[in-house]
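Structure data follow from work-v4.cif (mmCIF, C-alpha atoms):
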data_coords
#
loop_
_atom_site.label_atom_id
_atom_site.label_comp_id
_atom_site.auth_asym_id
_atom_site.auth_seq_id
_atom_site.Cartn_x
_atom_site.Cartn_y
_atom_site.Cartn_z
CA MET S 249 -43.89 -31.59 -77.40
CA LEU S 250 -47.19 -32.08 -79.18
CA VAL S 251 -45.86 -31.38 -82.66
CA ASN S 252 -43.01 -33.92 -82.40
CA SER S 253 -45.27 -36.62 -81.01
CA TYR S 254 -48.31 -36.24 -83.20
CA SER S 255 -47.49 -34.37 -86.43
CA LYS S 256 -46.59 -37.53 -88.38
CA ARG S 257 -49.75 -39.32 -87.32
CA VAL S 258 -52.03 -36.38 -88.17
CA PHE S 259 -50.23 -35.64 -91.44
CA ASN S 260 -50.50 -39.26 -92.60
CA LEU S 261 -54.19 -39.41 -91.71
CA ALA S 262 -54.78 -36.18 -93.65
CA TYR S 263 -52.79 -37.45 -96.63
CA GLN S 264 -54.51 -40.84 -96.71
CA PHE S 265 -57.89 -39.14 -96.48
CA ALA S 266 -57.32 -36.23 -98.88
CA GLY S 267 -54.94 -37.94 -101.29
CA SER S 268 -53.05 -34.70 -101.98
CA TYR S 269 -49.70 -33.88 -100.39
CA GLN S 270 -50.15 -30.11 -100.52
CA GLU S 271 -53.71 -30.35 -99.20
CA ALA S 272 -52.54 -32.66 -96.40
CA GLU S 273 -49.91 -30.12 -95.30
CA ASP S 274 -52.52 -27.33 -95.14
CA LEU S 275 -55.00 -29.57 -93.35
CA THR S 276 -52.39 -30.66 -90.78
CA GLN S 277 -51.60 -27.03 -90.04
CA ASP S 278 -55.32 -26.23 -89.62
CA ILE S 279 -55.76 -29.24 -87.32
CA PHE S 280 -52.87 -28.15 -85.06
CA LEU S 281 -54.23 -24.59 -84.95
CA LYS S 282 -57.57 -26.01 -83.85
CA LEU S 283 -55.83 -28.32 -81.38
CA TYR S 284 -54.09 -25.44 -79.57
CA GLY S 285 -57.41 -23.61 -79.37
CA ALA S 286 -59.23 -26.68 -78.07
CA LEU S 287 -56.64 -27.89 -75.53
CA LYS S 288 -58.35 -26.10 -72.65
CA ARG S 289 -61.48 -28.16 -73.35
CA TYR S 290 -59.59 -31.48 -73.19
CA ASP S 291 -60.91 -33.80 -70.50
CA PHE S 292 -57.87 -35.41 -68.84
CA GLU S 293 -59.79 -38.61 -68.22
CA LYS S 294 -60.02 -39.25 -71.97
CA ASN S 295 -57.46 -40.91 -74.21
CA PHE S 296 -55.51 -37.99 -75.73
CA THR S 297 -54.63 -39.71 -79.02
CA ALA S 298 -58.25 -40.69 -79.64
CA TRP S 299 -59.39 -37.16 -78.74
CA LEU S 300 -56.86 -35.62 -81.14
CA LEU S 301 -57.78 -38.02 -83.94
CA THR S 302 -61.47 -37.24 -83.40
CA LEU S 303 -60.68 -33.54 -83.77
CA ALA S 304 -58.65 -34.31 -86.91
CA LYS S 305 -61.40 -36.53 -88.33
CA ASN S 306 -64.04 -33.84 -87.76
CA HIS S 307 -61.90 -31.22 -89.47
CA LEU S 308 -61.09 -33.47 -92.44
CA ILE S 309 -64.69 -34.50 -93.05
CA ASP S 310 -66.02 -30.95 -92.56
CA THR S 311 -63.46 -29.55 -94.99
CA TYR S 312 -64.26 -32.31 -97.47
CA ARG S 313 -67.97 -31.50 -97.27
CA LYS S 314 -67.39 -27.75 -97.68
CA THR S 315 -64.92 -27.83 -100.54
CA ARG S 316 -64.81 -31.35 -101.93
CA TRP S 317 -61.38 -30.04 -102.91
CA GLU S 318 -62.76 -29.35 -106.35
CA LYS S 319 -60.95 -32.29 -107.81
CA ALA S 320 -61.94 -35.85 -108.48
CA HIS S 321 -58.58 -37.58 -108.37
CA ARG S 322 -55.81 -38.11 -105.86
CA ASP S 323 -52.06 -37.53 -106.25
CA GLU S 324 -50.34 -40.06 -108.48
CA PHE S 325 -49.51 -42.99 -106.23
CA ASP S 326 -45.85 -43.13 -107.35
CA GLU S 327 -45.30 -39.47 -106.42
CA GLN S 328 -45.09 -40.17 -102.71
CA PHE S 329 -44.93 -43.92 -102.26
CA PRO S 330 -41.72 -45.55 -103.46
CA ALA S 331 -42.14 -49.13 -104.71
CA PRO S 332 -41.24 -51.49 -101.84
CA GLU S 333 -39.02 -54.50 -102.35
CA ALA S 334 -41.06 -57.50 -103.50
CA ALA S 335 -41.33 -60.08 -100.75
CA HIS S 336 -42.28 -63.01 -102.98
CA GLY S 337 -40.51 -62.36 -106.25
CA PRO S 338 -40.80 -59.60 -108.84
CA GLU S 339 -44.10 -60.78 -110.38
CA SER S 340 -46.11 -60.85 -107.16
CA GLY S 341 -44.41 -57.59 -106.23
CA LEU S 342 -45.79 -56.00 -109.40
CA ILE S 343 -49.29 -57.32 -108.70
CA GLU S 344 -49.19 -55.97 -105.15
CA GLU S 345 -47.96 -52.61 -106.42
CA ALA S 346 -50.79 -52.50 -108.99
CA ASP S 347 -53.31 -53.38 -106.26
CA ARG S 348 -51.99 -50.59 -104.03
CA LYS S 349 -52.35 -48.05 -106.86
CA LEU S 350 -55.92 -49.14 -107.59
CA VAL S 351 -56.91 -49.15 -103.93
CA TRP S 352 -55.29 -45.72 -103.43
CA GLU S 353 -57.41 -44.31 -106.27
CA GLY S 354 -60.45 -46.27 -105.12
CA LEU S 355 -60.39 -44.60 -101.69
CA ASN S 356 -61.72 -41.45 -103.38
CA ARG S 357 -64.89 -43.27 -104.34
CA LEU S 358 -65.81 -44.09 -100.75
CA ALA S 359 -68.10 -41.80 -98.77
CA PRO S 360 -65.99 -39.66 -96.39
CA GLU S 361 -67.19 -41.42 -93.21
CA THR S 362 -66.59 -44.88 -94.72
CA ARG S 363 -63.18 -43.82 -96.06
CA MET S 364 -62.16 -42.54 -92.64
CA ALA S 365 -63.23 -45.79 -90.95
CA VAL S 366 -61.29 -47.94 -93.47
CA ILE S 367 -58.17 -45.75 -93.17
CA LEU S 368 -58.18 -45.93 -89.38
CA ARG S 369 -58.67 -49.69 -89.29
CA ASP S 370 -56.71 -50.98 -92.27
CA ILE S 371 -53.99 -48.37 -92.86
CA GLN S 372 -53.48 -46.97 -89.37
CA ASP S 373 -54.08 -50.41 -87.82
CA LYS S 374 -56.42 -49.23 -85.06
CA SER S 375 -58.61 -51.76 -83.28
CA TYR S 376 -62.37 -51.68 -83.92
CA GLU S 377 -62.86 -50.29 -80.41
CA GLU S 378 -60.41 -47.44 -81.06
CA VAL S 379 -62.08 -46.64 -84.39
CA ALA S 380 -65.46 -46.58 -82.65
CA GLU S 381 -64.08 -44.18 -80.03
CA ILE S 382 -62.53 -41.86 -82.63
CA LEU S 383 -65.62 -41.85 -84.84
CA ASP S 384 -67.93 -41.70 -81.81
CA LEU S 385 -70.08 -44.50 -83.24
CA PRO S 386 -71.36 -47.82 -81.86
CA LEU S 387 -69.04 -50.78 -82.45
CA GLY S 388 -71.55 -52.60 -84.68
CA THR S 389 -71.95 -49.58 -86.97
CA VAL S 390 -68.18 -49.28 -87.29
CA LYS S 391 -67.77 -52.96 -88.16
CA SER S 392 -70.43 -52.86 -90.85
CA ARG S 393 -69.12 -49.55 -92.22
CA ILE S 394 -65.60 -50.95 -92.53
CA ASN S 395 -66.88 -54.13 -94.16
CA ARG S 396 -68.88 -52.04 -96.64
CA GLY S 397 -65.84 -49.90 -97.46
CA ARG S 398 -63.61 -52.92 -97.98
CA LEU S 399 -66.21 -54.55 -100.24
CA GLN S 400 -66.43 -51.38 -102.32
CA LEU S 401 -62.66 -51.32 -102.70
CA ALA S 402 -62.60 -55.02 -103.56
CA LYS S 403 -65.24 -54.50 -106.23
CA ILE S 404 -63.28 -51.56 -107.69
CA LEU S 405 -60.19 -53.76 -107.75
CA LYS S 406 -62.14 -56.54 -109.46
CA GLU S 407 -63.72 -54.20 -112.04
CA ARG S 408 -60.37 -52.67 -112.98
CA GLN S 409 -58.74 -56.08 -113.15
CA GLU S 410 -61.45 -57.46 -115.43
CA GLY S 411 -61.30 -54.30 -117.55
CA ARG S 412 -57.57 -54.77 -117.95
CA LEU S 413 -57.89 -58.43 -118.89
CA GLN S 414 -60.53 -57.85 -121.57
CA MET B 253 -77.07 -68.43 -96.83
CA THR B 254 -77.54 -65.84 -99.60
CA CYS B 255 -74.62 -64.10 -101.31
CA GLU B 256 -75.74 -60.77 -99.72
CA ARG B 257 -75.52 -62.28 -96.26
CA ILE B 258 -72.12 -63.76 -97.08
CA GLU B 259 -70.89 -60.31 -98.17
CA GLU B 260 -71.89 -58.92 -94.78
CA LEU B 261 -69.83 -61.61 -93.07
CA LEU B 262 -66.71 -61.60 -95.26
CA SER B 263 -64.66 -59.15 -93.14
CA ALA B 264 -65.48 -61.02 -89.94
CA PHE B 265 -64.63 -64.31 -91.72
CA LEU B 266 -61.26 -62.96 -92.92
CA GLU B 267 -60.40 -61.67 -89.45
CA GLY B 268 -61.51 -64.89 -87.73
CA ARG B 269 -64.24 -63.16 -85.75
CA LEU B 270 -67.02 -65.67 -86.57
CA GLY B 271 -68.25 -68.43 -84.29
CA GLN B 272 -67.64 -71.97 -85.42
CA ALA B 273 -71.16 -72.65 -86.71
CA GLU B 274 -71.30 -69.45 -88.75
CA ARG B 275 -67.77 -69.97 -90.08
CA GLU B 276 -68.72 -73.44 -91.32
CA ARG B 277 -71.82 -72.08 -93.05
CA VAL B 278 -69.72 -69.40 -94.80
CA GLU B 279 -67.14 -71.99 -95.81
CA SER B 280 -69.80 -74.26 -97.24
CA HIS B 281 -71.31 -71.35 -99.24
CA LEU B 282 -67.87 -70.32 -100.53
CA ALA B 283 -67.15 -73.89 -101.66
CA GLY B 284 -70.21 -73.81 -103.92
CA CYS B 285 -70.17 -70.13 -105.04
CA PRO B 286 -67.22 -69.06 -107.20
CA ASP B 287 -68.38 -65.38 -107.20
CA CYS B 288 -68.27 -65.11 -103.42
CA ALA B 289 -64.99 -67.07 -103.27
CA ASP B 290 -63.51 -64.66 -105.81
CA LEU B 291 -64.80 -61.64 -103.86
CA LEU B 292 -63.20 -63.01 -100.70
CA SER B 293 -59.86 -63.34 -102.45
CA VAL B 294 -60.03 -59.77 -103.86
CA LEU B 295 -61.12 -58.48 -100.45
CA GLY B 296 -58.01 -60.04 -98.93
CA ARG B 297 -55.87 -58.34 -101.59
CA ALA B 298 -57.55 -54.97 -100.92
CA ARG B 299 -56.80 -55.29 -97.20
CA LYS B 300 -53.21 -56.26 -97.93
CA ALA B 301 -52.86 -53.27 -100.26
CA LEU B 302 -54.22 -50.91 -97.59
CA ALA B 303 -51.88 -52.34 -94.97
CA GLY B 304 -48.98 -51.82 -97.38
CA PHE B 305 -49.25 -48.02 -97.62
CA PRO B 306 -46.05 -46.69 -96.07
CA GLU B 307 -46.06 -43.85 -93.53
CA LEU B 308 -44.74 -40.60 -94.95
CA GLU B 309 -42.35 -38.32 -93.07
CA VAL B 310 -43.43 -34.78 -92.31
CA SER B 311 -41.47 -32.25 -94.37
CA PRO B 312 -39.10 -29.97 -92.39
CA GLY B 313 -41.06 -26.94 -93.67
CA LEU B 314 -44.34 -28.22 -92.24
CA GLN B 315 -42.63 -29.27 -89.01
CA ALA B 316 -41.28 -25.73 -88.59
CA ARG B 317 -44.68 -24.17 -89.33
CA LEU B 318 -46.35 -26.46 -86.79
CA ALA B 319 -43.72 -25.70 -84.15
CA ALA B 320 -44.31 -21.96 -84.67
CA ILE B 321 -48.06 -22.18 -83.99
CA PRO B 322 -47.94 -21.80 -80.17
CA GLU B 323 -45.75 -18.65 -80.56
CA ARG B 324 -48.11 -17.20 -83.14
CA LYS B 325 -51.03 -17.93 -80.87
CA LYS B 326 -49.26 -16.15 -77.98
CA LYS B 327 -48.50 -13.11 -80.14
CA PHE B 328 -52.14 -12.78 -81.02
CA SER B 329 -53.26 -13.84 -77.61
CA PHE B 330 -55.54 -10.81 -77.34
CA SER B 331 -58.35 -12.63 -78.95
CA PHE B 332 -62.02 -11.97 -79.04
CA ASP B 333 -62.72 -15.16 -77.10
CA PHE B 334 -64.46 -13.15 -74.40
CA LEU B 335 -67.16 -12.38 -76.95
CA LEU B 336 -68.05 -16.05 -76.95
CA LYS B 337 -68.84 -16.12 -73.24
CA PRO B 338 -72.35 -17.54 -72.68
CA SER B 339 -73.12 -14.73 -70.23
CA LEU B 340 -73.00 -12.23 -73.10
CA GLN B 341 -75.49 -14.13 -75.22
CA PRO B 342 -78.61 -12.34 -73.85
CA VAL B 343 -76.89 -9.02 -74.59
CA PHE B 344 -76.23 -10.05 -78.17
CA ALA B 345 -79.80 -11.32 -78.54
CA ALA B 346 -81.20 -8.03 -77.20
CA GLY B 347 -78.84 -6.12 -79.50
CA ALA B 348 -79.98 -8.14 -82.50
CA VAL B 349 -83.66 -7.50 -81.67
CA PHE B 350 -82.97 -3.79 -81.19
CA MET B 351 -81.08 -3.53 -84.49
CA THR B 352 -83.88 -5.38 -86.31
CA LEU B 353 -86.49 -3.00 -84.94
CA LEU B 354 -84.29 0.00 -85.68
CA SER B 355 -83.70 -1.08 -89.27
CA PHE B 356 -87.41 -1.79 -89.65
CA TYR B 357 -88.10 1.78 -88.48
CA LEU B 358 -85.33 3.48 -90.48
CA PHE B 359 -86.00 1.76 -93.77
CA ASN B 360 -89.78 1.69 -93.58
CA PRO B 361 -91.42 3.58 -96.48
CA ASP B 362 -94.12 4.87 -94.04
CA LYS B 363 -91.53 6.37 -91.73
CA LYS B 364 -93.53 9.62 -91.41
CA THR B 365 -96.66 7.78 -90.27
CA ILE B 366 -94.60 5.89 -87.72
CA ASP B 367 -93.02 9.17 -86.53
CA ARG B 368 -96.48 10.70 -86.11
CA ALA B 369 -97.76 7.65 -84.23
CA ILE B 370 -94.71 7.71 -81.96
CA ASP B 371 -95.20 11.46 -81.38
CA GLN B 372 -98.85 10.89 -80.41
CA LYS B 373 -97.88 8.06 -78.11
CA ILE B 374 -95.23 10.19 -76.42
CA HIS B 375 -97.70 13.06 -75.92
CA SER B 376 -100.46 10.84 -74.57
CA GLY B 377 -97.89 9.17 -72.34
CA TYR B 378 -96.74 12.56 -71.08
CA SER B 379 -100.30 13.68 -70.28
CA GLN B 380 -100.92 10.34 -68.51
CA VAL B 381 -97.83 10.96 -66.39
CA GLU B 382 -99.03 14.49 -65.58
CA LYS B 383 -102.43 13.18 -64.48
CA LEU B 384 -100.78 10.53 -62.36
CA TYR B 385 -98.54 13.14 -60.81
CA ALA B 386 -101.54 15.34 -59.94
CA LYS B 387 -103.36 12.35 -58.44
CA ALA B 388 -100.27 11.44 -56.46
CA GLY B 389 -100.13 15.04 -55.12
CA SER B 390 -103.73 14.99 -53.84
CA PHE B 391 -103.15 11.55 -52.37
CA THR B 392 -100.11 12.85 -50.45
CA ASP B 393 -102.19 15.77 -49.07
CA ARG B 394 -104.92 13.41 -47.90
CA LEU B 395 -102.35 11.11 -46.34
CA GLY B 396 -100.87 14.07 -44.45
CA ASP B 397 -104.31 15.08 -43.09
CA THR B 398 -105.02 11.53 -41.97
CA ALA B 399 -101.67 11.30 -40.22
CA GLU B 400 -102.32 14.53 -38.34
CA ASN B 401 -105.77 13.29 -37.24
CA VAL B 402 -104.24 10.09 -35.94
CA VAL B 403 -101.64 12.04 -33.96
CA VAL B 404 -104.30 14.31 -32.40
CA SER B 405 -106.54 11.38 -31.41
CA VAL B 406 -103.60 9.53 -29.85
CA LYS B 407 -102.70 12.64 -27.85
CA ASN B 408 -106.28 12.74 -26.56
CA TRP B 409 -105.97 9.25 -25.02
CA LYS B 410 -106.16 9.20 -21.19
CA ILE B 411 -102.83 7.47 -20.77
CA PHE B 412 -101.21 10.47 -22.45
CA GLY B 413 -103.11 12.94 -20.18
CA GLY B 414 -105.82 13.87 -22.67
CA ASN B 415 -109.57 13.90 -22.36
CA GLU B 416 -111.19 11.32 -24.55
CA ASP B 417 -114.72 12.70 -24.01
CA GLU B 418 -113.73 16.15 -25.22
CA PRO B 419 -114.93 16.76 -28.74
CA TYR B 420 -112.27 16.69 -31.40
CA LYS B 421 -110.58 20.04 -31.98
CA GLU B 422 -107.99 20.77 -34.51
#

Now that the file is in, can you turn its structure into structure tokens?
Amino acid sequence: MLVNSYSKRVFNLAYQFAGSYQEAEDLTQDIFLKLYGALKRYDFEKNFTAWLLTLAKNHLIDTYRKTRWEKAHRDEFDEQFPAPEAAHGPESGLIEEADRKLVWEGLNRLAPETRMAVILRDIQDKSYEEVAEILDLPLGTVKSRINRGRLQLAKILKERQEGRLQ
Amino acid sequence: MTCERIEELLSAFLEGRLGQAERERVESHLAGCPDCADLLSVLGRARKALAGFPELEVSPGLQARLAAIPERKKKFSFSFDFLLKPSLQPVFAAGAVFMTLLSFYLFNPDKKTIDRAIDQKIHSGYSQVEKLYAKAGSFTDRLGDTAENVVVSVKNWKIFGGNEDEPYKE
């Protein structure tokens, strides 16, 4: 069944993109409504997961452009993500946790297309080719967009870190 | 290599996607540029942080709402999808043009002038039709006469037992 196989993937993509749990639930529901309407247009020669994620991506970016969700910040990181066990001792665990919080907030500062590319590659662990297929962009554009997004996040991380040290 | 160029290559460097020559050039730049070396280290941390976001489970409430969608769709299966058929597009376009013209007529401040002009047009059109009808009538008469003449001359041919030299009589 479609819902059992794909709901988690779509919900997580919506949550990572929107940053709000409630918003992600609404968006997931909208995406599945669209999916059932669009199924008759699905070309069986295409990869279904990529096709579904393209539909989800289009809906997420369109909704973002229309509403911008009228808020500038994302859910508090700790609300949904429990602190994982530190792999290399408590201190490095704390640093990693702080990095995750900063990067989570920093995602909101990326342009929607860049944010989507970074999420697909670095959080959802898709290959560059898969990201290019989902975003319907040339491979080179995807690579440079992801590099740009990562650099922006790294600079945010650096800024915040320096601000904290001063 | 400039720092800007290095920035463009940092992701590829981290993921080991550079050729040997380019990798060595990046490494040599990083060895002499603490800013770029620092950026590379923070970039690695950012990637690690992104990879560390756990997957969330879908709440039972959402799962139930999603599972109910196909049933809801069936219940409201009488949709207006047929209105989106491409074959109806010319009809909608014609309807839109008609409604525009109608609204232009109905809400025009000079409606009376337009009414009068339309009235005149209708009357002149009607008289044109009458004239045409009269012309058509006389044309039919003439056609009838010609047809009769043709029949009489054919009857007068020798092969039909007539006399071709005899003068034409009606």

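Contacts from chain S to chain B at a cut-off of 7 Å (only C-alpha atoms) map to Val251, Lys256, Phe259, Asn260, Glu273, Gln277, Phe280, Leu281, Phe329, Glu344, Asp347, Arg348, Val351, Asp370, Ile371, Asn395, Arg398, Leu399, Leu401, Ala402 and Lys406 of chain S.
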
Using atom CA of S:Tyr376 and atom CA of S:Ala298 as the two end points, give the distance in Å to one decimal.
-> 12.5 Å

Enter the distance from atom CA of S:Arg396 to atom CA of S:Ile309, in Å, rounded to one decimal.
-> 18.4 Å

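For the pair atom CA of S:Asp384 and atom CA of S:Glu361, the interatomic distance is 11.4 Å.
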
Resolved residues for the PyMOL selection byres ((chain B and resi 279) around 12) as a VMD selection string | chain B and resid 253 258 261 to 262 265 to 266 270 272 to 278 280 to 286 288 to 289 292

Could you tell me which residues the PyMOL selection byres ((chain S and resi 393) around 12) returns for this structure, as an MDAnalysis selection string?
-> (chainID S and resid 358:369 376 379:380 383 385:392 394:400) or (chainID B and resid 260 263)
